[in-house]
Amino acid sequence: SSLIGRCYMNSNYGMSGEVSQKTAMLKRVKAATLIDKGGEWLKHCAITGFDTAATTNHGPGDGGGDRPATTDPDALGTTYFLKFDNGNTHHRGDLPSNLVARLLREKKERGSIKYLSTGCSYNATGRAAASLRGHRCYYAEFDNGECWWGTNKDDVLDKVFLEMDVHRVAFGSNSSGGGRQAITASEDRSSWVVLGKDGAVWWKNVPQGLHDALIAQDAGMSATTTVDADYNITTVQGSAAALCEASLGMGGTYFVRFLDGRVDYSLPNFVADVFDKFEADGKLIRDVALHVDTYDCLIRYSRESGYESDSSDDG
């Protein structure tokens, strides 16, 4: 209900609009609730984790300045971050504590975040445990182009972020399998996919189906390099369609989309059923936002069968 309310808050109906008007724009398709025309006001949406003691936080777009987080007993469960076309932001649940700490330290507002991706929680024992509570892998880009990240001492990923002009980041679990697993620095089994704005793709420890798809995609027009049998780089050449969206979830689930509209995925059955129904109805799936801490997802789609920018999304 919080997600639906926030989407309507940024529509021409407003939160004070008639309930019947809002309800008319909501539809149920199998296990999914559709927010009709939702994407016209929603610029970026991401699942950020799973809270057992969630709070609702309000960015500057929600009332002029960061307000203290308030306990929301109805918000327990999957958390998310929303960025609207008008610059407003909203997030359900807590942002990674390492990101929040830096925002406070550098006096930067949450509302200036343009893009956010989060992954597994850090894990530590002994004296370090308390200081790392709530820390997660994350990548954040701000409206001014500045980028921050936390990788839990993953030197390879730090190097990728430093060298690449990043378009999208997907964090997986430390085993590329089951979810709600914490990454320890000693395990060095972090999982991620990074898409560059130049079409390059870097990935490490991803589900086997995704690994095979990335190796096989337009092999004649791409060059894939395996580095130290640890991580891979794909540089798209010629007219090969680059990846434009990527997401990793629980139990080895994933979704990727190419610029030519092709998709490859392994999704939970209830999500795949909705996905198939959307495609049968002529909807073009733009993105499926997954997270390693929950089986919930957010699906973005448009009605057109041709490629358009994400700003034309309808849901």
# chains A, B, ... in the order shown; residues from 1 in each chain; ligands from 1

$ closest_atom_pairs --of "stretch 106-176 of chain A" --to "stretch 280-300 of chain A" --cutoff "7 Å" --atoms "only C-alpha atoms" --output "CSV"
residue,atom,partner,partner_atom,distance
A:Gly119,CA,A:Val292,CA,6.8
A:Cys120,CA,A:Val292,CA,6.9
A:Gly172,CA,A:Val292,CA,5.9
A:Ser173,CA,A:Val292,CA,5.9

$ closest_residue --among "A:Val263, A:Glu106, A:Glu279, A:Val193" --to "A:Phe161" --atoms "only C-alpha atoms"
A:Val193

$ closest_residue --among "A:Ser302, A:Leu103, A:Ser190, A:Gly77" --to "A:Tyr122" --atoms "only C-alpha atoms"
A:Ser190

$ closest_residue --among "A:Glu141, A:Asp85, A:Asp264, A:Asp94" --to "A:Leu116" --atoms "only C-alpha atoms"
A:Glu141

$ residues_around --residues "A:Trp192" --least-positions-apart "3" --cutoff "6 Å" --atoms "only C-alpha atoms" --output "PyMOL selection string"
chain A and resi 170-172+203-204

$ closest_residue --among "A:Cys147, A:Cys137, A:Ile113, A:Val274" --to "A:Pro96" --atoms "only C-alpha atoms"
A:Cys137

$ atom_distance --atom1 "atom CA of A:Gly252" --atom2 "atom CA of A:Leu214"
15.1 Å

$ atom_distance --atom1 "atom CA of A:Asp158" --atom2 "atom CA of A:Asn98"
15.8 Å

$ closest_residue --among "A:Phe275, A:Phe81, A:Phe50, A:Tyr139" --to "A:Phe255" --atoms "only C-alpha atoms"
A:Phe275
